[in-house]
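A.B. asks: File data15.tsv follows (TSV, C-alpha atoms):
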chain	number	residue	atom	x	y	z
A	166	MET	CA	5.78	79.51	157.20
A	167	PHE	CA	5.11	79.59	160.94
A	168	ASP	CA	2.40	77.87	162.95
A	169	PHE	CA	-0.48	80.17	163.88
A	170	ASN	CA	-3.75	80.51	165.77
A	171	TYR	CA	-6.59	82.36	164.07
A	172	PHE	CA	-9.48	83.60	166.21
A	173	THR	CA	-12.21	85.94	164.92
A	174	PRO	CA	-15.34	85.59	167.03
A	175	THR	CA	-17.04	88.84	165.98
A	176	LYS	CA	-20.44	88.47	164.33
A	177	VAL	CA	-20.60	90.81	161.33
A	178	VAL	CA	-23.92	92.23	160.10
A	179	PHE	CA	-23.14	94.06	156.87
A	180	GLY	CA	-25.32	96.16	154.58
A	181	LYS	CA	-27.86	98.95	154.31
A	182	ASN	CA	-29.97	99.86	157.35
A	183	THR	CA	-28.30	97.18	159.49
A	184	GLU	CA	-28.15	99.54	162.47
A	185	ALA	CA	-31.87	98.77	162.90
A	186	LYS	CA	-30.84	95.31	164.15
A	187	VAL	CA	-28.89	96.61	167.14
A	188	ALA	CA	-31.44	95.67	169.81
A	189	ASP	CA	-31.70	92.08	168.62
A	190	LEU	CA	-27.92	91.77	168.62
A	191	VAL	CA	-27.55	93.25	172.09
A	192	LYS	CA	-30.10	90.75	173.40
A	193	GLU	CA	-28.39	87.90	171.56
A	194	PHE	CA	-25.19	88.59	173.44
A	195	GLY	CA	-26.81	89.10	176.84
A	196	GLY	CA	-26.82	92.87	177.20
A	197	THR	CA	-29.41	94.36	179.54
A	198	LYS	CA	-27.92	97.74	180.54
A	199	LEU	CA	-25.76	99.54	177.98
A	200	LEU	CA	-23.22	102.29	177.89
A	201	ILE	CA	-23.48	103.87	174.44
A	202	HIS	CA	-20.07	105.37	173.75
A	203	TYR	CA	-19.45	107.71	170.85
A	204	GLY	CA	-17.23	110.52	169.70
A	205	GLY	CA	-18.08	114.00	168.54
A	206	GLY	CA	-21.32	115.43	167.29
A	207	SER	CA	-21.47	113.67	163.92
A	208	VAL	CA	-23.48	110.70	165.19
A	209	VAL	CA	-25.88	113.19	166.78
A	210	ARG	CA	-26.13	115.54	163.78
A	211	SER	CA	-26.67	112.66	161.35
A	212	GLY	CA	-29.52	111.30	163.46
A	213	LEU	CA	-27.78	107.95	163.92
A	214	LEU	CA	-27.64	108.16	167.71
A	215	LYS	CA	-31.38	108.90	167.93
A	216	ARG	CA	-32.18	105.99	165.60
A	217	VAL	CA	-30.15	103.73	167.84
A	218	THR	CA	-31.71	104.93	171.09
A	219	ASP	CA	-35.22	104.76	169.59
A	220	THR	CA	-34.58	101.14	168.62
A	221	LEU	CA	-33.32	100.31	172.11
A	222	ASP	CA	-36.26	102.12	173.73
A	223	ALA	CA	-38.71	100.13	171.62
A	224	ALA	CA	-37.02	96.91	172.73
A	225	GLY	CA	-37.05	97.89	176.40
A	226	ILE	CA	-33.25	97.96	176.72
A	227	SER	CA	-31.86	100.44	179.26
A	228	TYR	CA	-28.81	102.56	178.51
A	229	VAL	CA	-26.67	105.51	179.51
A	230	THR	CA	-24.55	107.53	177.12
A	231	LEU	CA	-21.01	108.89	177.09
A	232	GLY	CA	-19.78	111.01	174.20
A	233	GLY	CA	-16.48	112.78	173.73
A	234	ALA	CA	-14.17	110.12	172.28
A	235	VAL	CA	-11.59	111.93	170.18
A	236	PRO	CA	-8.93	110.85	167.67
A	237	ASN	CA	-6.10	109.37	169.75
A	238	PRO	CA	-8.66	108.63	172.51
A	239	HIS	CA	-7.82	109.87	175.98
A	240	LEU	CA	-7.28	107.89	179.15
A	241	GLY	CA	-9.20	110.50	181.15
A	242	LEU	CA	-12.44	109.70	179.31
A	243	VAL	CA	-11.77	105.99	179.80
A	244	TYR	CA	-11.62	106.55	183.55
A	245	GLU	CA	-14.89	108.52	183.36
A	246	GLY	CA	-16.53	105.67	181.45
A	247	ILE	CA	-15.35	103.07	183.96
A	248	GLU	CA	-16.86	104.98	186.87
A	249	LEU	CA	-20.12	105.56	184.98
A	250	CYS	CA	-20.45	101.86	184.17
A	251	LYS	CA	-19.86	100.82	187.77
A	252	LYS	CA	-22.30	103.40	189.07
A	253	GLU	CA	-25.06	102.48	186.60
A	254	GLY	CA	-24.61	98.69	186.63
A	255	VAL	CA	-23.72	98.55	182.93
A	256	ASP	CA	-23.18	95.04	181.54
A	257	PHE	CA	-22.62	95.79	177.83
A	258	LEU	CA	-20.77	98.46	175.86
A	259	LEU	CA	-22.03	99.76	172.51
A	260	ALA	CA	-19.50	101.82	170.55
A	261	VAL	CA	-21.10	104.00	167.87
A	262	GLY	CA	-18.42	105.51	165.68
A	263	GLY	CA	-14.93	104.70	164.44
A	264	GLY	CA	-11.76	103.36	165.94
A	265	SER	CA	-11.50	106.01	168.64
A	266	ALA	CA	-14.89	105.19	170.17
A	267	ILE	CA	-14.28	101.45	169.81
A	268	ASP	CA	-10.80	101.55	171.34
A	269	SER	CA	-12.04	103.71	174.19
A	270	ALA	CA	-14.96	101.32	174.77
A	271	LYS	CA	-12.59	98.36	174.93
A	272	ALA	CA	-10.45	100.18	177.49
A	273	ILE	CA	-13.55	100.96	179.56
A	274	GLY	CA	-14.48	97.28	179.34
A	275	TYR	CA	-11.07	96.24	180.65
A	276	GLY	CA	-11.34	98.75	183.48
A	277	VAL	CA	-14.76	97.50	184.60
A	278	ALA	CA	-13.86	93.82	184.40
A	279	ASN	CA	-10.49	94.04	186.17
A	280	GLU	CA	-9.28	95.53	189.43
A	281	GLY	CA	-6.61	98.22	189.53
A	282	ASP	CA	-5.55	100.85	187.03
A	283	VAL	CA	-6.57	100.07	183.44
A	284	TRP	CA	-3.44	101.89	182.19
A	285	ASP	CA	-1.37	99.00	183.57
A	286	PHE	CA	-2.45	96.94	180.54
A	287	TYR	CA	-1.35	99.61	178.06
A	288	ASP	CA	1.87	100.13	180.03
A	289	TYR	CA	2.61	96.37	179.70
A	290	LYS	CA	2.65	95.80	183.45
A	291	ARG	CA	0.00	93.06	183.53
A	292	GLN	CA	-2.58	91.23	181.42
A	293	ALA	CA	-6.36	91.60	181.51
A	294	LYS	CA	-8.41	88.66	182.76
A	295	GLY	CA	-11.61	89.76	181.06
A	296	CYS	CA	-13.50	92.60	179.39
A	297	LEU	CA	-17.07	93.81	179.48
A	298	PRO	CA	-18.67	92.71	176.18
A	299	VAL	CA	-18.48	95.26	173.37
A	300	GLY	CA	-20.70	95.73	170.32
A	301	VAL	CA	-20.03	98.15	167.47
A	302	ILE	CA	-21.97	100.27	165.01
A	303	LEU	CA	-19.19	101.33	162.65
A	304	THR	CA	-19.21	104.78	161.03
A	305	ILE	CA	-15.60	105.04	159.80
A	306	ALA	CA	-13.69	102.43	157.80
A	307	ALA	CA	-10.13	102.68	159.07
A	308	THR	CA	-8.73	101.02	162.17
A	309	GLY	CA	-10.33	97.59	161.92
A	310	SER	CA	-10.94	97.76	165.66
A	311	GLU	CA	-14.45	96.38	165.07
A	312	MET	CA	-12.94	92.89	164.58
A	313	SER	CA	-9.50	93.18	166.13
A	314	ASP	CA	-8.04	92.39	169.54
A	315	SER	CA	-6.30	95.76	169.77
A	316	SER	CA	-7.00	99.11	171.41
A	317	VAL	CA	-4.85	102.26	171.43
A	318	ILE	CA	-5.18	104.90	174.14
A	319	THR	CA	-3.33	108.18	174.84
A	320	LYS	CA	-2.39	109.08	178.39
A	321	GLU	CA	-2.60	112.85	178.66
A	322	ASP	CA	0.08	113.02	181.35
A	323	GLY	CA	3.28	112.82	179.32
A	324	LEU	CA	1.40	112.48	176.02
A	325	VAL	CA	2.05	108.73	175.88
A	326	LYS	CA	0.18	106.73	173.23
A	327	ARG	CA	0.16	102.96	173.74
A	328	GLY	CA	-1.67	99.95	172.37
A	329	TYR	CA	-2.90	96.84	174.13
A	330	SER	CA	-4.10	93.61	172.52
A	331	SER	CA	-6.22	90.89	174.08
A	332	ASP	CA	-8.79	88.47	172.70
A	333	PHE	CA	-11.04	89.47	175.61
A	334	GLY	CA	-11.52	92.82	173.87
A	335	ARG	CA	-12.71	91.49	170.53
A	336	PRO	CA	-16.22	92.86	169.87
A	337	LYS	CA	-19.15	90.46	170.06
A	338	PHE	CA	-20.78	91.98	166.99
A	339	ALA	CA	-20.07	94.64	164.41
A	340	ILE	CA	-22.82	96.38	162.45
A	341	MET	CA	-21.41	97.71	159.18
A	342	ASN	CA	-23.55	99.89	156.95
A	343	PRO	CA	-21.35	101.52	154.29
A	344	GLU	CA	-23.90	104.33	153.93
A	345	LEU	CA	-22.94	105.55	157.40
A	346	THR	CA	-19.47	106.48	156.10
A	347	MET	CA	-20.78	108.75	153.34
A	348	THR	CA	-20.90	111.84	155.55
A	349	LEU	CA	-17.17	111.66	156.33
A	350	PRO	CA	-14.92	114.52	155.21
A	351	ASP	CA	-12.71	113.48	152.28
A	352	TYR	CA	-9.62	113.80	154.48
A	353	GLN	CA	-10.97	111.23	156.97
A	354	THR	CA	-11.86	108.85	154.16
A	355	ALA	CA	-8.31	109.09	152.82
A	356	CYS	CA	-6.84	108.65	156.30
A	357	GLY	CA	-8.98	105.56	156.74
A	358	CYS	CA	-7.85	104.01	153.46
A	359	THR	CA	-4.23	104.67	154.41
A	360	ASP	CA	-4.67	103.03	157.81
A	361	ILE	CA	-6.37	99.98	156.27
A	362	MET	CA	-3.54	99.47	153.81
A	363	MET	CA	-0.92	99.97	156.51
A	364	HIS	CA	-2.42	97.27	158.72
A	365	THR	CA	-1.75	94.80	155.94
A	366	MET	CA	1.60	96.31	154.91
A	367	GLU	CA	2.86	96.02	158.50
A	368	ARG	CA	2.23	92.28	158.31
A	369	TYR	CA	3.49	91.94	154.74
A	370	PHE	CA	7.00	93.36	155.21
A	371	SER	CA	8.33	90.51	157.30
A	372	ASN	CA	11.50	88.46	157.39
A	373	GLY	CA	9.79	85.76	159.42
A	374	GLY	CA	7.82	83.19	157.44
A	375	ASN	CA	5.24	83.66	154.71
A	376	MET	CA	2.41	81.71	153.08
A	377	GLU	CA	1.48	82.03	149.42
A	378	ILE	CA	-2.25	82.11	150.21
A	379	THR	CA	-1.77	84.80	152.87
A	380	ASP	CA	0.34	86.87	150.49
A	381	SER	CA	-2.32	86.57	147.80
A	382	LEU	CA	-5.03	87.71	150.20
A	383	ALA	CA	-2.90	90.61	151.39
A	384	GLU	CA	-1.97	91.74	147.90
A	385	GLY	CA	-5.56	91.53	146.70
A	386	LEU	CA	-6.77	93.55	149.67
A	387	LEU	CA	-4.15	96.23	149.08
A	388	ARG	CA	-4.97	96.53	145.38
A	389	THR	CA	-8.68	96.73	146.19
A	390	VAL	CA	-8.28	99.52	148.74
A	391	LYS	CA	-5.93	101.46	146.47
A	392	LYS	CA	-8.40	101.23	143.58
A	393	ASN	CA	-11.43	102.20	145.65
A	394	ALA	CA	-9.65	105.00	147.50
A	395	LEU	CA	-9.11	106.66	144.13
A	396	ILE	CA	-12.78	106.11	143.24
A	397	LEU	CA	-13.90	107.69	146.52
A	398	TYR	CA	-11.58	110.64	146.00
A	399	LYS	CA	-13.63	111.51	142.91
A	400	ASP	CA	-17.01	110.04	143.94
A	401	PRO	CA	-17.43	110.05	147.76
A	402	LYS	CA	-21.03	108.77	147.57
A	403	ASN	CA	-20.14	105.58	145.67
A	404	TYR	CA	-21.77	102.85	147.77
A	405	ASP	CA	-19.90	99.93	146.22
A	406	ALA	CA	-16.53	101.59	146.81
A	407	ARG	CA	-17.53	102.40	150.39
A	408	ALA	CA	-18.51	98.77	150.92
A	409	GLU	CA	-15.24	97.43	149.51
A	410	VAL	CA	-13.21	99.71	151.75
A	411	MET	CA	-15.30	99.01	154.85
A	412	TRP	CA	-14.97	95.23	154.55
A	413	ALA	CA	-11.28	95.55	153.72
A	414	GLY	CA	-10.79	97.53	156.93
A	415	SER	CA	-12.06	94.62	159.00
A	416	LEU	CA	-10.10	91.96	157.10
A	417	ALA	CA	-6.91	94.02	157.29
A	418	HIS	CA	-6.80	93.92	161.09
A	419	ASN	CA	-8.55	90.73	162.21
A	420	GLY	CA	-5.36	88.67	161.71
A	421	LEU	CA	-6.22	87.19	158.31
A	422	THR	CA	-3.41	88.90	156.40
A	423	GLY	CA	-0.78	87.79	158.91
A	424	CYS	CA	-1.43	84.05	159.10
A	425	GLY	CA	1.80	82.07	158.85
A	426	ASN	CA	4.27	84.90	159.37
A	427	ASP	CA	6.09	86.21	162.43
A	428	GLY	CA	3.42	88.78	163.27
A	429	GLY	CA	4.81	91.51	161.07
A	430	ASP	CA	6.96	94.59	161.51
A	431	TRP	CA	4.72	97.30	163.09
A	432	MET	CA	7.43	99.92	163.42
A	433	THR	CA	5.62	102.43	161.20
A	434	HIS	CA	2.73	102.25	163.68
A	435	LYS	CA	5.03	102.55	166.68
A	436	LEU	CA	6.79	105.56	165.17
A	437	GLU	CA	3.44	107.17	164.36
A	438	HIS	CA	2.13	106.58	167.88
A	439	GLU	CA	4.66	109.11	169.14
A	440	LEU	CA	3.53	111.63	166.51
A	441	GLY	CA	-0.07	111.08	167.56
A	442	GLY	CA	0.75	111.33	171.24
A	443	LEU	CA	2.81	114.53	170.95
A	444	TYR	CA	0.99	116.35	168.14
A	445	ASP	CA	-2.47	114.75	168.10
A	446	VAL	CA	-2.32	114.19	164.33
A	447	ALA	CA	-4.77	112.00	162.42
A	448	HIS	CA	-3.46	108.44	162.60
A	449	GLY	CA	-3.71	107.60	158.89
A	450	ALA	CA	-2.03	110.84	157.88
A	451	GLY	CA	0.76	110.25	160.37
A	452	LEU	CA	1.34	106.78	158.95
A	453	ALA	CA	1.55	108.16	155.41
A	454	ALA	CA	4.01	110.85	156.50
A	455	ILE	CA	6.42	108.38	158.12
A	456	TRP	CA	6.14	105.29	155.89
A	457	GLY	CA	8.38	106.36	152.98
A	458	SER	CA	11.25	107.23	155.31
A	459	TRP	CA	10.86	103.94	157.18
A	460	ALA	CA	10.71	102.00	153.89
A	461	ARG	CA	13.87	103.55	152.47
A	462	TYR	CA	15.66	102.87	155.75
A	463	VAL	CA	14.81	99.16	155.90
A	464	TYR	CA	14.16	97.92	152.34
A	465	LYS	CA	17.64	96.47	151.73
A	466	ASN	CA	17.13	94.17	154.72
A	467	CYS	CA	13.83	92.90	153.31
A	468	LEU	CA	14.47	93.31	149.60
A	469	HIS	CA	12.59	90.22	148.42
A	470	ARG	CA	9.37	91.43	150.07
A	471	PHE	CA	9.72	94.99	148.79
A	472	LYS	CA	10.26	93.71	145.27
A	473	LYS	CA	7.25	91.42	145.46
A	474	PHE	CA	5.11	94.26	146.84
A	475	ALA	CA	6.26	96.62	144.08
A	476	LEU	CA	5.32	94.15	141.35
A	477	ASN	CA	2.15	92.57	142.78
A	478	VAL	CA	0.58	95.54	144.58
A	479	MET	CA	1.92	98.73	143.04
A	480	GLU	CA	2.28	97.05	139.63
A	481	VAL	CA	5.51	98.80	138.69
A	482	GLU	CA	7.58	97.83	135.66
A	483	ASN	CA	9.50	94.57	136.12
A	484	SER	CA	12.87	95.77	134.84
A	485	GLY	CA	16.23	96.59	136.33
A	486	SER	CA	17.72	95.30	139.55
A	487	ASP	CA	15.72	94.09	142.55
A	488	GLU	CA	16.73	97.26	144.37
A	489	GLU	CA	15.53	99.49	141.54
A	490	ILE	CA	12.18	97.68	141.46
A	491	ALA	CA	11.81	97.98	145.24
A	492	LEU	CA	12.54	101.71	145.16
A	493	ARG	CA	10.02	102.25	142.35
A	494	GLY	CA	7.45	100.49	144.53
A	495	ILE	CA	8.15	102.87	147.43
A	496	GLU	CA	7.87	105.85	145.10
A	497	ALA	CA	4.59	104.49	143.72
A	498	VAL	CA	3.13	104.32	147.25
A	499	GLU	CA	4.05	107.95	147.84
A	500	ASP	CA	2.55	108.92	144.47
A	501	PHE	CA	-0.66	107.19	145.54
A	502	TYR	CA	-0.67	109.11	148.83
A	503	ARG	CA	-0.36	112.38	146.90
A	504	GLN	CA	-3.27	111.37	144.65
A	505	ILE	CA	-5.56	111.12	147.67
A	506	GLU	CA	-3.96	114.17	149.37
A	507	MET	CA	-2.14	112.33	152.11
A	508	PRO	CA	1.22	113.70	153.36
A	509	THR	CA	4.54	112.03	152.56
A	510	ASN	CA	6.64	113.81	155.19
A	511	LEU	CA	6.21	115.60	158.51
A	512	ARG	CA	6.10	119.10	157.06
A	513	GLU	CA	3.30	118.08	154.71
A	514	LEU	CA	1.60	116.64	157.80
A	515	GLY	CA	1.72	120.14	159.25
A	516	ILE	CA	4.29	119.69	162.00
A	517	ASN	CA	7.90	120.82	162.30
A	518	PRO	CA	9.53	119.08	165.28
A	519	THR	CA	12.70	120.46	166.80
A	520	GLU	CA	15.81	118.33	167.18
A	521	ASP	CA	14.94	117.86	170.84
A	522	GLU	CA	11.40	116.79	169.99
A	523	LEU	CA	12.64	114.27	167.43
A	524	ALA	CA	15.03	112.85	170.03
A	525	LEU	CA	12.23	112.71	172.61
A	526	MET	CA	9.95	110.81	170.23
A	527	ALA	CA	12.71	108.32	169.42
A	528	LYS	CA	13.41	107.80	173.12
A	529	LYS	CA	9.71	107.29	173.95
A	530	CYS	CA	9.27	104.99	170.97
A	531	ALA	CA	12.21	102.83	172.07
A	532	ILE	CA	10.83	102.64	175.59
A	533	GLY	CA	7.40	101.74	174.23
A	534	VAL	CA	8.73	98.78	172.24
A	535	GLY	CA	11.05	97.53	174.96
A	536	GLY	CA	14.29	98.80	173.38
A	537	GLU	CA	14.07	97.52	169.82
A	538	LYS	CA	11.51	96.10	167.42
A	539	GLY	CA	10.93	95.26	163.78
A	540	SER	CA	10.84	92.37	161.32
A	541	ALA	CA	11.84	93.94	158.02
A	542	LYS	CA	14.74	95.35	160.04
A	543	VAL	CA	15.12	95.46	163.81
A	544	LEU	CA	15.29	99.11	164.88
A	545	ASN	CA	16.80	100.62	168.00
A	546	GLU	CA	16.55	104.19	169.31
A	547	ALA	CA	19.27	105.50	166.98
A	548	ASP	CA	17.49	103.98	163.98
A	549	MET	CA	14.19	105.49	165.06
A	550	LEU	CA	15.77	108.93	165.35
A	551	ALA	CA	17.31	108.57	161.90
A	552	ILE	CA	13.88	107.75	160.39
A	553	TYR	CA	12.24	110.69	162.14
A	554	LYS	CA	14.97	112.99	160.79
A	555	ALA	CA	14.59	111.58	157.27
A	556	SER	CA	10.83	112.15	157.43
A	557	MET	CA	11.32	115.89	157.79
What would you get if you wrote out this structure as structure tokens?
C.D. replies:
Amino acid sequence: MFDFNYFTPTKVVFGKNTEAKVADLVKEFGGTKLLIHYGGGSVVRSGLLKRVTDTLDAAGISYVTLGGAVPNPHLGLVYEGIELCKKEGVDFLLAVGGGSAIDSAKAIGYGVANEGDVWDFYDYKRQAKGCLPVGVILTIAATGSEMSDSSVITKEDGLVKRGYSSDFGRPKFAIMNPELTMTLPDYQTACGCTDIMMHTMERYFSNGGNMEITDSLAEGLLRTVKKNALILYKDPKNYDARAEVMWAGSLAHNGLTGCGNDGGDWMTHKLEHELGGLYDVAHGAGLAAIWGSWARYVYKNCLHRFKKFALNVMEVENSGSDEEIALRGIEAVEDFYRQIEMPTNLRELGINPTEDELALMAKKCAIGVGGEKGSAKVLNEADMLAIYKASM
């Protein structure tokens, strides 16, 4: 095992009707003038946004609003939010929605608290020295951004999707009411479950240090999400299943399932970022479409972990060689994806890249990771291209 630091300062308020506590939480963390940042019309149509603003009005808390955050959130809207915050004297950001609104709010917070172009942080040119405080009312269980240090933004010019991580961006509080996720389309629920599992799988498939307790937590989380994703596929209004998945989403990406290892692999995410940047696909679906091809490309270099995963998470038969067990585990993951109607290749995802587009994605991916990256197996540009081709 490796030494590690574990830092999770976010206050979680979990349960039914917890959004009613938003004003008290904003005051607790010093907010006096808010930017409420959200995505499309769902928070408006559901009445959630009005409930939030009514609560803030009753508490005498001032605010301005900025909607429009989209999947693979855009840098242009981040710039708009930064200018609005500076103009209005905003001192606190409230993200109402899922990962897109939260990630965009974090980026706005970096832009307000630091001089210069906020894209510099996502382009790895410099580090943030602070962030405007962020609070969250979560409506989608998926990215774990409500407790994580990470934010992913897409620059429209060049369709470049990049992530930035800093403890300054960790939300001060996260309100989690599983009932708020019940209006999601089934496809988004499945994408969210896939993303949650992948955040733990990225940390699990590592050749750099492991702890038995961390593995047990990771494996239990993965089994729980798999089980409850299948329940939600048949019964989308099941509160207990929604609650299990929502809490798992936070635990999957707040660092808990990576304690003691080398930080994990993350190449499935990096490969998907180029799909999301170029084709604007749903993140969870893109991860599902690429994972099997990545796994078959790298499993021999991380065979002990793939075998353990196959037995302890996918619960395949413990017979045959280690390689046979590992491959059955990969196949079992893809079978699970099909059960919840997630894609297992790019054509099922609905895209059909040309040879030139595959090469462009591999080139951009290699640039984005600084040439090569991976823990299960270190991948360079040629490896990335081979995985993209296999995923067709």
A.B. asks: In terms of the shortest atom-to-atom distance over all atoms listed in the file, which of A:Val209, A:Lys198, A:Leu214, A:Pro336 is closest to Ile226 (chain A)?
C.D. replies: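 Distance minimum relative to Ile226 (chain A) lands on A:Lys198.
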A.B. asks: Between CA of Glu248 (chain A) and CA of Gly263 (chain A), what is the spacing in Å?
C.D. replies: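 Between these atoms lies a distance of 22.5 Å.
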A.B. asks: Could you list, with a cut-off of 9 Å and counting only C-alpha atoms, the residues of region 301-408 of chain A near region 455-467 of chain A, each shown with its nearest atom pair and the distance in Å rounded to one decimal, rows sorted by chain and ascending number, as JSON lines?
C.D. replies:
{"residue": "A:Met363", "atom": "CA", "partner": "A:Trp456", "partner_atom": "CA", "distance": 8.9}
{"residue": "A:Phe370", "atom": "CA", "partner": "A:Cys467", "partner_atom": "CA", "distance": 7.1}
{"residue": "A:Ser371", "atom": "CA", "partner": "A:Cys467", "partner_atom": "CA", "distance": 7.2}
{"residue": "A:Asn372", "atom": "CA", "partner": "A:Cys467", "partner_atom": "CA", "distance": 6.5}
A.B. asks: CA of Asp282 (chain A) to CA of Lys252 (chain A): how many Å, to one decimal?
C.D. replies: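 It comes out at 17.1 Å.
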A.B. asks: Please measure the separation of CA of Gly241 (chain A) and CA of Thr319 (chain A), giving the value in Å to one decimal.
C.D. replies: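 Taking CA of Gly241 (chain A) and CA of Thr319 (chain A), their separation equals 8.9 Å.
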A.B. asks: How close does each residue of region 212-318 of chain A get to region 172-188 of chain A, giving the shortest atom pair and distance in Å to one decimal for every residue with an atom at most 7 Å away, counting only C-alpha atoms, sorted by chain and residue number, as CSV?
C.D. replies:
residue,atom,partner,partner_atom,distance
A:Thr220,CA,A:Ala188,CA,6.4
A:Leu221,CA,A:Ala188,CA,5.5
A:Ala224,CA,A:Ala188,CA,6.4
A:Ile302,CA,A:Glu184,CA,6.7
A:Met312,CA,A:Thr175,CA,5.9
A.B. asks: Every residue with an atom at most 12 Å from (-15.8, 102.8, 169.7) (file coordinates; only C-alpha atoms) is what I'm after, so could you write them as a PyMOL selection string?
C.D. replies: chain A and resi 200-205+208+231-238+243+258-274+299-305+308-312+315-318+334-336+339-340
A.B. asks: Any chance you could tabulate, as a tab-separated table, the residues of region 423-531 of chain A at most 12 Å from region 397-414 of chain A with each one's nearest atom pair and distance in Å to one decimal, using only C-alpha atoms, in chain and rising number order?
C.D. replies:
residue	atom	partner	partner_atom	distance
A:Phe501	CA	A:Tyr398	CA	11.5
A:Tyr502	CA	A:Tyr398	CA	11.4
A:Arg503	CA	A:Tyr398	CA	11.4
A:Gln504	CA	A:Tyr398	CA	8.5
A:Ile505	CA	A:Tyr398	CA	6.3
A:Glu506	CA	A:Tyr398	CA	9.0
A:Met507	CA	A:Tyr398	CA	11.4
A.B. asks: Could you check which of A:Phe338, A:Tyr369, A:Phe474, A:Tyr329 is closest to Gly428 (chain A), using all atoms listed in the file?
C.D. replies: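 Result for the nearest residue to Gly428 (chain A): A:Tyr369.
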A.B. asks: With distances taken over all atoms listed in the file, which residue among A:Ala306, A:Lys326, A:Ile378, A:Ile552 lies nearest Gln353 (chain A)?
C.D. replies: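 Among the listed residues, A:Ala306 lies closest to Gln353 (chain A).
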A.B. asks: Compare A:Lys554, A:Lys215, A:Lys320, A:His364 by their minimum atom-to-atom distance to Thr230 (chain A), counting all atoms listed in the file, and give me the closest one.
C.D. replies: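 Counting all atoms listed in the file, the residue closest to Thr230 (chain A) is A:Lys215.
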A.B. asks: Tell me, as a list in words, which residues lie within 12 Å of region 484-487 of chain A, counting all atoms listed in the file; anything in the same chain fewer than 4 positions away does not count.
C.D. replies: Tyr464, Lys465, Cys467, Leu468, His469, Arg470, Phe471, Lys472, Lys473, Phe474, Ala475, Leu476, Glu480, Ala491, Leu492, Arg493 and Gly494 of chain A
A.B. asks: Deliver the residues from the most recent selection as a file, using C-alpha atoms, as a PDB file, in the frame of the given file.
C.D. replies:
ATOM      1  CA  TYR A 464      14.160  97.920 152.340  1.00  0.00           C
ATOM      2  CA  LYS A 465      17.640  96.470 151.730  1.00  0.00           C
ATOM      3  CA  CYS A 467      13.830  92.900 153.310  1.00  0.00           C
ATOM      4  CA  LEU A 468      14.470  93.310 149.600  1.00  0.00           C
ATOM      5  CA  HIS A 469      12.590  90.220 148.420  1.00  0.00           C
ATOM      6  CA  ARG A 470       9.370  91.430 150.070  1.00  0.00           C
ATOM      7  CA  PHE A 471       9.720  94.990 148.790  1.00  0.00           C
ATOM      8  CA  LYS A 472      10.260  93.710 145.270  1.00  0.00           C
ATOM      9  CA  LYS A 473       7.250  91.420 145.460  1.00  0.00           C
ATOM     10  CA  PHE A 474       5.110  94.260 146.840  1.00  0.00           C
ATOM     11  CA  ALA A 475       6.260  96.620 144.080  1.00  0.00           C
ATOM     12  CA  LEU A 476       5.320  94.150 141.350  1.00  0.00           C
ATOM     13  CA  GLU A 480       2.280  97.050 139.630  1.00  0.00           C
ATOM     14  CA  ALA A 491      11.810  97.980 145.240  1.00  0.00           C
ATOM     15  CA  LEU A 492      12.540 101.710 145.160  1.00  0.00           C
ATOM     16  CA  ARG A 493      10.020 102.250 142.350  1.00  0.00           C
ATOM     17  CA  GLY A 494       7.450 100.490 144.530  1.00  0.00           C
TER      18      GLY A 494
END
A.B. asks: Distance table requested - region 389-460 of chain A against region 513-523 of chain A, cut-off 12 Å, all atoms listed in the file: one row per qualifying residue with the closest atom pair and its distance in Å to one decimal, ordered by chain and rising residue number, as a Markdown table.
C.D. replies:
| residue | atom | partner | partner_atom | distance |
| --- | --- | --- | --- | --- |
| A:Leu436 | CA | A:Leu523 | CA | 10.7 |
| A:Glu437 | CA | A:Leu514 | CA | 11.7 |
| A:Glu439 | CA | A:Leu523 | CA | 9.7 |
| A:Leu440 | CA | A:Ile516 | CA | 9.3 |
| A:Gly441 | CA | A:Ile516 | CA | 11.1 |
| A:Leu443 | CA | A:Glu522 | CA | 8.9 |
| A:Tyr444 | CA | A:Ile516 | CA | 7.7 |
| A:Asp445 | CA | A:Ile516 | CA | 10.4 |
| A:Val446 | CA | A:Leu514 | CA | 8.0 |
| A:Ala447 | CA | A:Leu514 | CA | 9.1 |
| A:His448 | CA | A:Leu514 | CA | 10.8 |
| A:Gly449 | CA | A:Leu514 | CA | 10.5 |
| A:Ala450 | CA | A:Leu514 | CA | 6.8 |
| A:Gly451 | CA | A:Leu514 | CA | 6.9 |
| A:Leu452 | CA | A:Leu514 | CA | 9.9 |
| A:Ala453 | CA | A:Leu514 | CA | 8.8 |
| A:Ala454 | CA | A:Leu514 | CA | 6.4 |
| A:Ile455 | CA | A:Leu514 | CA | 9.6 |
A.B. asks: In terms of the shortest atom-to-atom distance over all atoms listed in the file, which of A:Asn510, A:Ser211, A:Leu240, A:Val481 is closest to Thr346 (chain A)?
C.D. replies: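 Using all atoms listed in the file, Thr346 (chain A) sits closest to A:Ser211.
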A.B. asks: Which neighbours of region 533-536 of chain A fall inside 12 Å, counting all atoms listed in the file, when residues of the same chain fewer than 5 positions from it are skipped, and could you give them as number ranges by chain?
C.D. replies: A: 287-290, 325-329, 430-432, 434-439, 526-528, 543-549
